[in-house]
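Reading through the structure tokens given below for one structure.
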2 protein chains.
Amino acid sequence: MFKLFVVLGSILACCYAVGPLVTASKGEVWPKPQQQETSENYFVLQPHTFSFKGPVDIGCPDFLDDAFTRYWTIIATSSSLEQRGQLSEVERQPQQKFWEADDNFVGYLDSLNVELIGECVNEAVLPELGDNENYTLTISSEESTLSAPTIWGVLRGLETFSQLVHVERESLVVNATIITDFPKFPHRGLLLDTSRHFQPVYIILQNLDAMAYNKLNVLHWHIVDDPSFPYVSHTYPELSEKGAYHPVSKVYEQSDVRKIIEYARVRGIRVIPEFDTPGHGGFTSSWGLSHPELLTPCYSNDQPNGQLGPMDPTKNSTYTFLTNFYKEVIDVFPDSYIHVGGDTIDFSCWKSNPDVNAFMSANDISSYEQLDAYFFENTVSILDSLSSKYLVQQEAFLYGATLPKSTVVQVMKLGLDVLAALTKADMFGIYSGCWLLDKLSGGGDWEKFYNCEPLDFDGTDEQKKRVLGGEALMWGEIVNEYIIMPRVWPRASAVAEKLWSAQDVNDIEAAKPRLEEHVCRMNRRGIAAQPPNGPGVCL
Amino acid sequence: MFKLFVVLGSILACCYAVGPLVTASKGEVWPKPQQQETSENYFVLQPHTFSFKGPVDIGCPDFLDDAFTRYWTIIATSSSLEQRGQLSEVERQPQQKFWEADDNFVGYLDSLNVELIGECVNEAVLPELGDNENYTLTISSEESTLSAPTIWGVLRGLETFSQLVHVERESLVVNATIITDFPKFPHRGLLLDTSRHFQPVYIILQNLDAMAYNKLNVLHWHIVDDPSFPYVSHTYPELSEKGAYHPVSKVYEQSDVRKIIEYARVRGIRVIPEFDTPGHGGFTSSWGLSHPELLTPCYSNDQPNGQLGPMDPTKNSTYTFLTNFYKEVIDVFPDSYIHVGGDTIDFSCWKSNPDVNAFMSANDISSYEQLDAYFFENTVSILDSLSSKYLVQQEAFLYGATLPKSTVVQVMKLGLDVLAALTKADMFGIYSGCWLLDKLSGGGDWEKFYNCEPLDFDGTDEQKKRVLGGEALMWGEIVNEYIIMPRVWPRASAVAEKLWSAQDVNDIEAAKPRLEEHVCRMNRRGIAAQPPNGPGVCL
């Protein structure tokens, strides 16, 4: 099967050191498809004669045309050694059509036929949880076809096709291949935190590109938290005027949000916003700079000490405010789901406040955990009244809030016991416990993310079906715009493969050459991914 | 002293969240000067009327003029909020001359007089180990003068002056200040490894800029090692033709090297090259791709197994080759010192080779450590014959090589016992054991570098004077061009302060606000430094 590579490798051996610790694969796909057969026969793809042939008289021509243009450009610029001035003397010699003397060359690939089995009735269609993303891709002498039941499947298949195409000398080749592919999980996400450090819009767009290159389909936008409030609300503009790091330069205007959502949509990526409540780690100061009445006054020695803690769960006015605010949010963010937060609440401020304690006595709330649950029950009934679905952090579940079975619970804890418990209680879960990108180790630092399997708990098949997927988490404490890309990529690629590929795709050594190639591919496409495996080079 | 800042802070309080975990200082210097007095009185600096007044009729006008232009530009572009579109509505209002109503405003700073006490006789002067880098800087109503005995001291003082200047609203201010400053150590270095990953020239130049901003004065260019040979030799061009990752795009041409050395020189930074021998970790393959005869054939079961190990220390031809090669190196790299390597040799290949063992028997060499020492004795006598000075890795010392007392030994081991031992043996040392930038921890990850003091060993004052300084080490396994800047900076800044500032500057909490400011300053100057302290923002 690898004869071609061996032959070409020996031709080029004069010019390359044995240096890279892991030799990159060629034309291998990340994340690994569910089923793939590859032949040593190959086609040559010449960008100036290649095109995608789209489905005729079926919906969404603009959507598909844009996707074709995007992927044609990606493929055509894969072979840019010459543009990068990277040709050696030998390589600059005319060496056209080296393949003509090669038995494995079986022809030119001039088109890929794209078949959409279902229909797309609406150009503005949104990706949804549970969309069919299956596709089949056949590259053979008989036919070259990408077929999928939905436009989302088409997008995934185009990504795969673009990865099969690889460079041999200065030419693009693609091996004869048959792929049948589908995701292991429907929810495959990346959390970006834009409150601890502001991330410019271009960084979010670059991450959406990279997510598409890794078949991730949910941007969990942790947009607001304790340190800053960068979202410009039209209902309450004072929130960012007073709560952002800077009211002009460190905010997301409505137009920025729309741009991000649309950029994600055409890549088959959902955008789920999270405005963290009632107070991450016990505080949510950024809301309080314009609306101190939302927050709980903390007490020391029976006197208010001037500090404001989590939202005050005892006041009706808190929920009135949140109702108005969420009305706007579900209007601005069209996804069916909103994430209502709830991560790592600290109870000290509530404990210190006599009014909070009086409310608890009067309402038979006997613990602060119950009080937190009470807050979330109120929050989700606001969203129910607005016909929005929601995700919550695990605390709401663990503290015994009464939540509809449709609630999706995000598990941040390393162990899988919470996931086992909540699926046993017929709830849906997504897992993130082992995928915290702010945790650093040595080396390329992706193996620990790869060595993690969310389904690895004792439970019935029914339970495991209630695990909808997972998310890599890029908390913002230690990432500004200069380091976020290489810190996320390719470490989130390891997570992406765990969320897309079959459960038996779990061999680190086998993954290394593919990830080495995938990093170079992302670099070539403008994603500043860091090296995964030690000494190496991207040519 | 901080009245000005409090007043301005309260004016601006409307617009800034309480978010950053550590509030950046304003106009504080990194690394911290040896002696500094600062007043609450301040001057306003207007770039269009400000200039440096250089010494008249003394040498090196071009050198100094270039430095003045560089620092004028840095200062003039410090206040670029407006250019960055970062003004709020309030800030955009005409608010000229807010200082006129402030008692602490003491005037406009229209010039800084620069005095060179010594002479500079040669425009092409090179920085050397032990150059005087002292300076005094006075900003007062009576005079504003930077005075230094050498142009190197002038450079350090200009850097300090540029850091004192800071932004209040849209204006540049500088507090009345008196500084007397000098470095703790003469050798303050950063090792960049361009063999494990190739780093483009622009990355090396950016690091030289950042080094100047941190008063580091030695670029230890670990240019060649086992994985690749990116240096284009004019004596042996085949070394990079066959040994580079790519013979055209992943190499340093002679013109690149000259450019890097000159860029460093005008910033008062020495460039010391290291072509690692005899074999880092047991291998130095990149030399062997064109010159296999230099390397030791490794044996398995009494037969050569095809692998090539470290350089063959038993052959005269090895030393003849190295003599010719080093002749070129000392010509291309004008610094008085060459680093001859020697890090972490592995003996397995030498052990396996019968010819090596026969040579050892014939020459009364009873251990492989002694054989390594023999290799280094030969290497340094080559450099002696070429009148070059040299640094060696600690192994040469530990294995008992007879080395001249002028040899500088680099200590890579964490503990300080080797440093104590070698200074006791009247040798010179530089320390790196606690400053490996490829080691990652959580958070901003600089405290461990800051909590390290090379002089913290039992020894006489004479011994401690033989510690010439230290180096932060950026081994290249896990850094490509996309992540190297934020991985080095500001973590190497922590090292820089340990190497420049007084020994009692060791309080992490006191350093945090200054480092927070310094990172924003580096970001503003184009250095992609990562956040040091958790949630924050640079405005």
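Quick note on naming: the chains in the structure tokens go A, B, ... in the order shown, residues restart at 1 in each chain, and ligands are numbered from 1 in order of appearance.
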Interface, chain B side, toward chain A (8 Å; only C-alpha atoms) as a count of residues only: 55
Considering only C-alpha atoms, return as a PyMOL selection string whatever protein or nucleic-acid residues lie within 7 Å of stretch 298-312 of chain A, sequence-local ones (same chain, fewer than 5 positions apart) excluded. chain A and resi 278-279+282-284+318+349+352-353
Name the residues of stretch 310-432 of chain B that come out as strand (DSSP E) in a backbone DSSP run; write them as a PyMOL selection string. chain B and resi 310-311+337-339+389-393+408-411+428-431
Which is closest to A:Ser233 among A:Leu473, A:Val251, A:Ile508, A:Val29, if we use only C-alpha atoms?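 Checking each candidate against A:Ser233, we get A:Val251 as the closest.
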If you count only C-alpha atoms, which residues fall within 9 Å of stretch 65-79 of chain A, apart from same-chain ones fewer than 6 positions away, as a PDB file with C-alpha atoms, in the first residue's frame?
```
ATOM      1  CA  GLN A  46      -4.577  19.807 -10.777  1.00  0.00           C
ATOM      2  CA  PRO A  47      -6.337  22.778  -9.204  1.00  0.00           C
ATOM      3  CA  HIS A  48      -6.846  24.599 -12.497  1.00  0.00           C
ATOM      4  CA  PHE A  50     -10.466  20.447 -10.697  1.00  0.00           C
ATOM      5  CA  SER A  51     -13.965  21.351  -9.531  1.00  0.00           C
ATOM      6  CA  PHE A  52     -16.736  20.177  -7.274  1.00  0.00           C
ATOM      7  CA  LYS A  53     -19.909  19.184  -9.125  1.00  0.00           C
ATOM      8  CA  GLY A  54     -22.782  20.100  -6.861  1.00  0.00           C
ATOM      9  CA  LEU A 155     -19.284  19.768   4.983  1.00  0.00           C
ATOM     10  CA  LEU A 158     -15.432  18.045   2.080  1.00  0.00           C
ATOM     11  CA  GLU A 159     -13.108  18.429   5.042  1.00  0.00           C
ATOM     12  CA  PHE A 161     -11.571  15.056   1.023  1.00  0.00           C
ATOM     13  CA  SER A 162      -9.357  18.129   1.512  1.00  0.00           C
ATOM     14  CA  GLN A 163      -7.236  16.122   3.940  1.00  0.00           C
ATOM     15  CA  VAL A 165      -5.283  15.452  -0.965  1.00  0.00           C
ATOM     16  CA  HIS A 166      -1.586  15.744  -0.233  1.00  0.00           C
ATOM     17  CA  VAL A 167       1.607  16.901  -1.869  1.00  0.00           C
ATOM     18  CA  GLU A 168       4.092  14.677  -3.656  1.00  0.00           C
ATOM     19  CA  ARG A 169       6.905  16.831  -4.949  1.00  0.00           C
ATOM     20  CA  GLU A 170       5.168  19.856  -6.307  1.00  0.00           C
ATOM     21  CA  SER A 171       1.974  18.048  -7.223  1.00  0.00           C
ATOM     22  CA  LEU A 172      -1.248  17.212  -5.465  1.00  0.00           C
ATOM     23  CA  VAL A 266     -21.735  27.968   7.312  1.00  0.00           C
ATOM     24  CA  ARG A 267     -19.130  25.649   8.825  1.00  0.00           C
ATOM     25  CA  ARG A 521      -1.852  21.035   7.633  1.00  0.00           C
ATOM     26  CA  ARG A 524      -0.445  25.732   6.277  1.00  0.00           C
ATOM     27  CA  ARG A 525      -4.075  26.819   6.627  1.00  0.00           C
TER      28      ARG A 525
END
```
To one decimal in Å, tell me the separation between atom CA of B:Val519 and atom CA of A:His222.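 For atom CA of B:Val519 relative to atom CA of A:His222, the distance reads 24.7 Å.
If you look at atom CA of A:Leu190 and atom CA of A:Val257, they are 16.9 Å away from each other.
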From the set B:Ala24, B:Val121, B:Ile179, B:Ala210, which residue has the shortest atom-to-atom contact distance to B:Thr150, counting only C-alpha atoms?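 Of B:Ala24, B:Val121, B:Ile179, B:Ala210, the one nearest B:Thr150 is B:Val121, counting only C-alpha atoms.
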As a PyMOL selection string, please: the residues near A:Asp57 (cut-off 12 Å, only C-alpha atoms, same-chain neighbours under 2 positions excluded). chain A and resi 54-55+59-61+115-116+119-121
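Using only C-alpha atoms, the shortest contact distance between A:Lys97 and any of A:Gly130, A:Leu45, A:Leu219, A:Pro490 is found at A:Leu45.
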Can you work out the spacing between atom CA of B:Asp426 and atom CA of B:Phe449 in Å, to one decimal?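 Atom CA of B:Asp426 sits 27.0 Å away from atom CA of B:Phe449.
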Within 9 Å of stretch 375-392 of chain B using only C-alpha atoms, minus same-chain residues under 6 positions, as an MDAnalysis selection string: chainID B and resid 278 312:314 319 322:323 326:327 330 335:343 401:404 406:410 429
All helix (DSSP H, G or I) positions in stretch 43-263 of chain A, as a ChimeraX atom specification: /A:61-76,89-92,98-101,151-164,201-213,238-243,254-263
